[in-house]
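S.K.: Below: one structure in structure tokens.
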Amino acid sequence: MHSVCDFSQPVPLADSGLTLPLAGDKVCAGFPSPAEDFAVKRIDLTQELVTHPQATFLLRVSGESMREAGIFDGDMLVVNKALKPRHGQVVVAVVDGEFTVKYLYQRAGRVKLKAANATYPDITPKDGQTLEVWGVVTASIKRFPA
């Protein structure tokens, strides 16, 4: 089973922000807390999710190779091309001309891409194979059925 995903083309984020109302600072995921009167504050999602607007792109995930990292088929990834990729980060890489999302493994001069799903093999570049780390994943946006 090959683990390279066929993403749609990367979409650059617009320079203008997306401002939405923020109802409180947090939501309880345990026992519910009494309702409060919230002063509605507005937050800019671009400001929250993007540190380098000119180098930040969106990609939609296709496949299940990163599900144990909480990244699922259909999720939208925020990818920053200005960040230097480091060992252990989730990255978008280009392997033989195709995009894939994986953990970056860099140790003792070895580089490989590791899936977060045991049914997918690691990608270790072979002679003549091209592997380029395209950008660092900084956020994943999920949609739930309404």
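Each chain in the structure tokens gets a letter, A, B and so on, in the order shown; residues start at 1 in every chain, and ligands are counted from 1 in the order they appear.
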Quick one: residues within 10 Å of range 114-128 of chain A, only C-alpha atoms counted, chain neighbours fewer than 4 positions away excluded, as a list of chain:residue names?

M.R.: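 What passes the distance filter is A:Met1, A:His2, A:Ser3, A:Val4, A:Glu64, A:Ser65, A:Met66, A:Arg67, A:Glu68, A:Ala69, A:Gly70, A:Ile71, A:Gly88, A:Val90, A:Val95, A:Asp96, A:Thr100, A:Val101, A:Lys102, A:Tyr103, A:Leu104, A:Tyr105, A:Arg110.
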
S.K.: Hey, which of A:Pro85, A:Pro53, A:Gly74, A:Gly97 ends up closest to Leu131 in chain A? Count only C-alpha atoms.

M.R.: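 The shortest atom-to-atom distance to Leu131 in chain A comes from A:Gly97.
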
S.K.: Excluding same-chain residues fewer than 4 positions from range 135-145 of chain A, what lies within 9 Å of it counting only C-alpha atoms, as a list in words?

M.R.: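 Residues near the query, excluding close chain neighbours: Leu49, Val50, Ala55, Thr56, Phe57, Gly70, Ile71, Phe72, Gly74, Asp75, Met76, Leu77, Val78, Val79, Asn80, Lys81, Ala82, Leu83, Lys84, Pro85, Arg86, Gln89, Val90, Val91, Val92, Ala93 and Val101 of chain A.
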
S.K.: Which residue, A:Trp134, A:His87, A:Val94, A:Gln129, has the smallest gap to Arg107 in chain A when you use only C-alpha atoms?

M.R.: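 Looking only at the distances to Arg107 in chain A, the closest residue turns out to be A:His87.
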
S.K.: Just the number, please: distance in Å from CA of His52 in chain A to CA of Val133 in chain A, one decimal.

M.R.: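 These atoms are spaced 17.2 Å apart.
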